[in-house]
Amino acid sequence: MMVRLAEERDFPGFLGLAAQVEHWFGPMVEDAGFHEAVREHIRRNEALVAVPSDPGTEPDPGTDTDLLGGLLFGAGADTPVHHVHWLVVSQRARAGGVGRELMRDALRRWVRGPADVEVVTFGADHPGAAASGARAFYERLGFTPAETVAPGPEGGSRQLFRRTVAAGGPV
């Protein structure tokens, strides 16, 4: 697997990843706002993708993406607070370290301490909290649960997770 900056040609792959998680996050594939957000992150060089190292690796039948994962990041320009806006790992690649590598690359690229990195994920009572493993994933990466935030577009609970990065660090 290789992590790199996303390019416009990766846009269909982001939609393929989004289709795999709409049951947790609500509609994205047909949402113009989501399309614009992905394209804007790509233009600003704040989007990463994980792709197979072997260019001959084909996606599983029935999938429409060769992306193993994708991440949209907000590097705080005038503030030491950065945001993971969206992180999805393909069903076929879950539990294989893809999300961890995307986060490692994002922190290395964009975060210099002292700073905070924040992500909004499922609330503890959300059905996707356990099924997706998102809360446990962020906790393993050193994020801690913080305040409750507005519900997601599908109406489910959400919670902010925060990680403090010490001076001089990314990780």
# chains A, B, ... in the order shown; residues from 1 in each chain; ligands from 1
>>> residues_around(residues="segment 142-144 of chain A", least_positions_apart="6", cutoff="8 Å", atoms="only C-alpha atoms", output="PyMOL selection string")
chain A and resi 161-164
>>> residues_around(residues="His35 of chain A", least_positions_apart="2", cutoff="12 Å", atoms="only C-alpha atoms", output="number ranges by chain")
A: 8, 10-15, 18, 27-33, 37-42
>>> write_last_selection(atoms="all heavy atoms", output="short mmCIF file (atom, residue, chain, number, x, y, z; two decimals), in the first residue's frame")
data_model
loop_
_atom_site.label_atom_id
_atom_site.label_comp_id
_atom_site.auth_asym_id
_atom_site.auth_seq_id
_atom_site.Cartn_x
_atom_site.Cartn_y
_atom_site.Cartn_z
N GLU A 8 -7.34 14.78 -9.04
CA GLU A 8 -8.70 14.83 -9.59
C GLU A 8 -9.14 13.46 -10.12
O GLU A 8 -10.29 13.09 -9.97
CB GLU A 8 -8.78 15.89 -10.70
CG GLU A 8 -10.18 16.05 -11.29
CD GLU A 8 -11.25 16.47 -10.28
OE1 GLU A 8 -10.96 17.24 -9.34
OE2 GLU A 8 -12.40 16.00 -10.44
N ASP A 10 -8.81 10.76 -8.82
CA ASP A 10 -9.25 9.94 -7.69
C ASP A 10 -10.68 10.22 -7.27
O ASP A 10 -11.23 9.51 -6.43
CB ASP A 10 -8.32 10.15 -6.48
CG ASP A 10 -6.90 9.72 -6.75
OD1 ASP A 10 -6.72 8.60 -7.30
OD2 ASP A 10 -5.98 10.48 -6.42
N PHE A 11 -11.30 11.26 -7.85
CA PHE A 11 -12.64 11.64 -7.44
C PHE A 11 -13.64 10.48 -7.50
O PHE A 11 -14.36 10.24 -6.52
CB PHE A 11 -13.14 12.84 -8.26
CG PHE A 11 -14.53 13.26 -7.89
CD1 PHE A 11 -14.75 13.97 -6.72
CD2 PHE A 11 -15.60 12.94 -8.70
CE1 PHE A 11 -16.04 14.35 -6.36
CE2 PHE A 11 -16.89 13.31 -8.34
CZ PHE A 11 -17.10 14.03 -7.17
N PRO A 12 -13.70 9.70 -8.59
CA PRO A 12 -14.63 8.57 -8.61
C PRO A 12 -14.35 7.57 -7.48
O PRO A 12 -15.27 6.95 -6.94
CB PRO A 12 -14.41 7.92 -9.98
CG PRO A 12 -13.84 9.01 -10.83
CD PRO A 12 -13.01 9.84 -9.89
N GLY A 13 -13.09 7.41 -7.10
CA GLY A 13 -12.74 6.52 -6.01
C GLY A 13 -13.29 7.01 -4.67
O GLY A 13 -13.75 6.21 -3.85
N PHE A 14 -13.28 8.33 -4.47
CA PHE A 14 -13.88 8.89 -3.26
C PHE A 14 -15.38 8.58 -3.23
O PHE A 14 -15.93 8.23 -2.18
CB PHE A 14 -13.66 10.39 -3.17
CG PHE A 14 -12.33 10.78 -2.56
CD1 PHE A 14 -11.25 11.07 -3.36
CD2 PHE A 14 -12.18 10.85 -1.18
CE1 PHE A 14 -10.03 11.43 -2.81
CE2 PHE A 14 -10.96 11.20 -0.61
CZ PHE A 14 -9.88 11.49 -1.43
N LEU A 15 -16.04 8.69 -4.38
CA LEU A 15 -17.47 8.37 -4.43
C LEU A 15 -17.70 6.88 -4.16
O LEU A 15 -18.67 6.51 -3.49
CB LEU A 15 -18.07 8.76 -5.78
CG LEU A 15 -18.08 10.25 -6.09
CD1 LEU A 15 -18.77 10.51 -7.43
CD2 LEU A 15 -18.73 11.06 -4.98
N ALA A 18 -17.44 6.49 -0.47
CA ALA A 18 -18.62 7.07 0.16
C ALA A 18 -19.82 6.12 0.07
O ALA A 18 -20.58 5.98 1.02
CB ALA A 18 -18.95 8.42 -0.47
N PRO A 27 -26.50 10.16 2.93
CA PRO A 27 -26.20 10.24 1.49
C PRO A 27 -25.04 11.18 1.18
O PRO A 27 -24.99 12.30 1.68
CB PRO A 27 -27.49 10.75 0.87
CG PRO A 27 -28.46 10.95 1.96
CD PRO A 27 -27.82 10.63 3.26
N MET A 28 -24.12 10.69 0.38
CA MET A 28 -22.99 11.51 -0.07
C MET A 28 -22.77 11.40 -1.57
O MET A 28 -22.38 12.36 -2.21
CB MET A 28 -21.69 11.07 0.65
CG MET A 28 -21.67 11.35 2.12
SD MET A 28 -20.15 10.72 2.90
CE MET A 28 -20.58 8.98 3.05
N VAL A 29 -22.98 10.22 -2.13
CA VAL A 29 -22.63 9.96 -3.53
C VAL A 29 -23.33 10.93 -4.48
O VAL A 29 -22.73 11.40 -5.44
CB VAL A 29 -22.94 8.49 -3.91
CG1 VAL A 29 -22.71 8.25 -5.39
CG2 VAL A 29 -22.07 7.56 -3.07
N GLU A 30 -24.56 11.25 -4.20
CA GLU A 30 -25.32 12.16 -5.07
C GLU A 30 -25.36 13.58 -4.53
O GLU A 30 -26.02 14.45 -5.11
CB GLU A 30 -26.75 11.64 -5.24
CG GLU A 30 -26.85 10.26 -5.86
CD GLU A 30 -26.29 10.21 -7.28
OE1 GLU A 30 -26.44 11.21 -8.01
OE2 GLU A 30 -25.71 9.17 -7.66
N ASP A 31 -24.66 13.86 -3.43
CA ASP A 31 -24.72 15.16 -2.78
C ASP A 31 -23.71 16.12 -3.39
O ASP A 31 -22.49 15.90 -3.29
CB ASP A 31 -24.46 14.98 -1.28
CG ASP A 31 -24.58 16.28 -0.53
OD1 ASP A 31 -23.57 17.00 -0.42
OD2 ASP A 31 -25.69 16.57 -0.04
N ALA A 32 -24.19 17.21 -3.98
CA ALA A 32 -23.31 18.19 -4.63
C ALA A 32 -22.35 18.83 -3.63
O ALA A 32 -21.21 19.14 -3.97
CB ALA A 32 -24.15 19.27 -5.33
N GLY A 33 -22.80 19.01 -2.39
CA GLY A 33 -21.93 19.59 -1.37
C GLY A 33 -20.75 18.68 -1.06
O GLY A 33 -19.62 19.16 -0.87
N ALA A 37 -16.81 19.47 -1.67
CA ALA A 37 -15.85 19.34 -0.57
C ALA A 37 -14.67 18.48 -0.98
O ALA A 37 -13.52 18.83 -0.71
CB ALA A 37 -16.54 18.77 0.67
N VAL A 38 -14.93 17.35 -1.63
CA VAL A 38 -13.84 16.48 -2.07
C VAL A 38 -12.95 17.21 -3.07
O VAL A 38 -11.72 17.23 -2.93
CB VAL A 38 -14.38 15.17 -2.68
CG1 VAL A 38 -13.26 14.37 -3.34
CG2 VAL A 38 -15.09 14.33 -1.62
N ARG A 39 -13.58 17.84 -4.06
CA ARG A 39 -12.79 18.54 -5.09
C ARG A 39 -11.98 19.69 -4.49
O ARG A 39 -10.83 19.92 -4.88
CB ARG A 39 -13.70 19.00 -6.21
CG ARG A 39 -14.16 17.85 -7.07
CD ARG A 39 -14.79 18.33 -8.38
NE ARG A 39 -14.79 17.25 -9.33
CZ ARG A 39 -15.88 16.57 -9.69
NH1 ARG A 39 -17.06 16.89 -9.19
NH2 ARG A 39 -15.79 15.59 -10.58
N GLU A 40 -12.55 20.42 -3.53
CA GLU A 40 -11.84 21.52 -2.89
C GLU A 40 -10.64 21.01 -2.09
O GLU A 40 -9.56 21.59 -2.14
CB GLU A 40 -12.79 22.32 -2.00
CG GLU A 40 -12.15 23.52 -1.36
CD GLU A 40 -11.65 24.58 -2.34
OE1 GLU A 40 -12.16 24.66 -3.48
OE2 GLU A 40 -10.71 25.31 -1.98
N HIS A 41 -10.81 19.93 -1.36
CA HIS A 41 -9.69 19.35 -0.62
C HIS A 41 -8.59 18.89 -1.58
O HIS A 41 -7.40 19.07 -1.30
CB HIS A 41 -10.15 18.18 0.25
CG HIS A 41 -10.78 18.61 1.54
ND1 HIS A 41 -12.09 19.02 1.64
CD2 HIS A 41 -10.26 18.70 2.78
CE1 HIS A 41 -12.35 19.33 2.89
NE2 HIS A 41 -11.26 19.14 3.62
N ILE A 42 -8.97 18.31 -2.71
CA ILE A 42 -7.99 17.89 -3.71
C ILE A 42 -7.24 19.11 -4.24
O ILE A 42 -6.02 19.11 -4.32
CB ILE A 42 -8.65 17.08 -4.84
CG1 ILE A 42 -9.12 15.72 -4.30
CG2 ILE A 42 -7.68 16.89 -6.02
CD1 ILE A 42 -9.98 14.92 -5.28
#
>>> closest_residue(among="A:Val51, A:Ala134, A:Ala166, A:Leu87", to="Val3 of chain A", atoms="only C-alpha atoms")
A:Val51
>>> residues_around(residues="segment 99-108 of chain A", least_positions_apart="5", cutoff="9 Å", atoms="only C-alpha atoms", output="PyMOL selection string")
chain A and resi 2-4+46-50+69-71+73+84+87-89+94+117+137+141+169-171
>>> closest_residue(among="A:Val98, A:Pro153, A:Gly128, A:Leu72", to="Arg43 of chain A", atoms="only C-alpha atoms")
A:Leu72
>>> select_by_dssp(residues="segment 76-171 of chain A", states="alpha helix (DSSP H)", output="list in words")
Val98, Gly99, Arg100, Glu101, Leu102, Met103, Arg104, Asp105, Ala106, Leu107, Arg108, Arg109, Trp110, Pro127, Gly128, Ala129, Ala130, Ala131, Ser132, Ala134, Arg135, Ala136, Phe137, Tyr138, Glu139 and Arg140 of chain A
>>> residues_around(residues="Thr121 of chain A", least_positions_apart="3", cutoff="10 Å", atoms="only C-alpha atoms", output="list in words")
Phe25, Val84, His85, Trp86, Leu87, Glu118, Ala124, His126, Gly128, Ala129, Ala134, Arg135, Tyr138, Pro145, Thr148, Val149, Gly152, Ser157, Arg158, Gln159, Leu160 and Phe161 of chain A
>>> atom_distance(atom1="atom CA of Ser90 of chain A", atom2="atom CA of Gly133 of chain A")
13.3 Å
>>> closest_residue(among="A:Gly97, A:Gly74, A:Trp24, A:Ala19", to="Met1 of chain A", atoms="only C-alpha atoms")
A:Gly97
>>> atom_distance(atom1="atom CA of Glu139 of chain A", atom2="atom CA of Arg44 of chain A")
28.0 Å
>>> select_by_dssp(residues="chain A", states="strand (DSSP E or B)", output="PyMOL selection string")
chain A and resi 2-5+47-51+69-74+81-89+115-122+144-149+158-165
>>> write_last_selection(atoms="C-alpha atoms", output="short mmCIF file (atom, residue, chain, number, x, y, z; two decimals), in the first residue's frame")
data_model
loop_
_atom_site.label_atom_id
_atom_site.label_comp_id
_atom_site.auth_asym_id
_atom_site.auth_seq_id
_atom_site.Cartn_x
_atom_site.Cartn_y
_atom_site.Cartn_z
CA MET A 2 1.08 3.53 -0.76
CA VAL A 3 -0.34 6.82 0.59
CA ARG A 4 -0.17 9.87 -1.66
CA LEU A 5 -1.85 13.22 -2.26
CA ALA A 47 -6.71 15.06 0.51
CA LEU A 48 -4.87 11.76 0.74
CA VAL A 49 -5.54 8.37 -0.80
CA ALA A 50 -4.24 4.91 -0.06
CA VAL A 51 -3.71 2.79 -3.15
CA GLY A 69 -8.95 4.54 1.62
CA GLY A 70 -9.32 8.29 1.47
CA LEU A 71 -8.88 11.18 3.89
CA LEU A 72 -9.91 14.85 3.74
CA PHE A 73 -7.95 17.05 6.12
CA GLY A 74 -8.14 20.66 7.25
CA VAL A 81 -6.31 23.26 15.42
CA HIS A 82 -6.47 20.80 12.53
CA HIS A 83 -9.46 18.72 11.45
CA VAL A 84 -9.93 15.27 10.01
CA HIS A 85 -12.96 16.05 7.87
CA TRP A 86 -13.50 12.58 6.42
CA LEU A 87 -11.69 9.26 6.63
CA VAL A 88 -13.00 6.08 5.02
CA VAL A 89 -11.30 2.76 4.42
CA ALA A 115 -1.42 21.75 18.03
CA ASP A 116 -4.66 19.87 18.39
CA VAL A 117 -6.15 17.51 15.84
CA GLU A 118 -9.90 17.04 15.99
CA VAL A 119 -12.31 14.63 14.37
CA VAL A 120 -16.04 14.21 14.73
CA THR A 121 -17.10 10.58 14.86
CA PHE A 122 -20.03 8.51 16.05
CA THR A 144 -9.68 11.23 23.49
CA PRO A 145 -13.44 11.70 23.54
CA ALA A 146 -14.45 15.34 24.05
CA GLU A 147 -17.73 17.19 23.78
CA THR A 148 -20.89 15.97 22.07
CA VAL A 149 -21.66 17.80 18.81
CA ARG A 158 -21.77 12.49 17.06
CA GLN A 159 -18.86 13.25 19.37
CA LEU A 160 -15.68 15.25 18.96
CA PHE A 161 -12.40 13.42 19.56
CA ARG A 162 -9.21 15.41 20.12
CA ARG A 163 -5.51 14.63 20.07
CA THR A 164 -2.87 17.02 21.34
CA VAL A 165 0.43 17.10 19.48
#
>>> closest_residue(among="A:Gly123, A:Val111, A:Ala136, A:Ala167", to="Gly155 of chain A", atoms="only C-alpha atoms")
A:Gly123
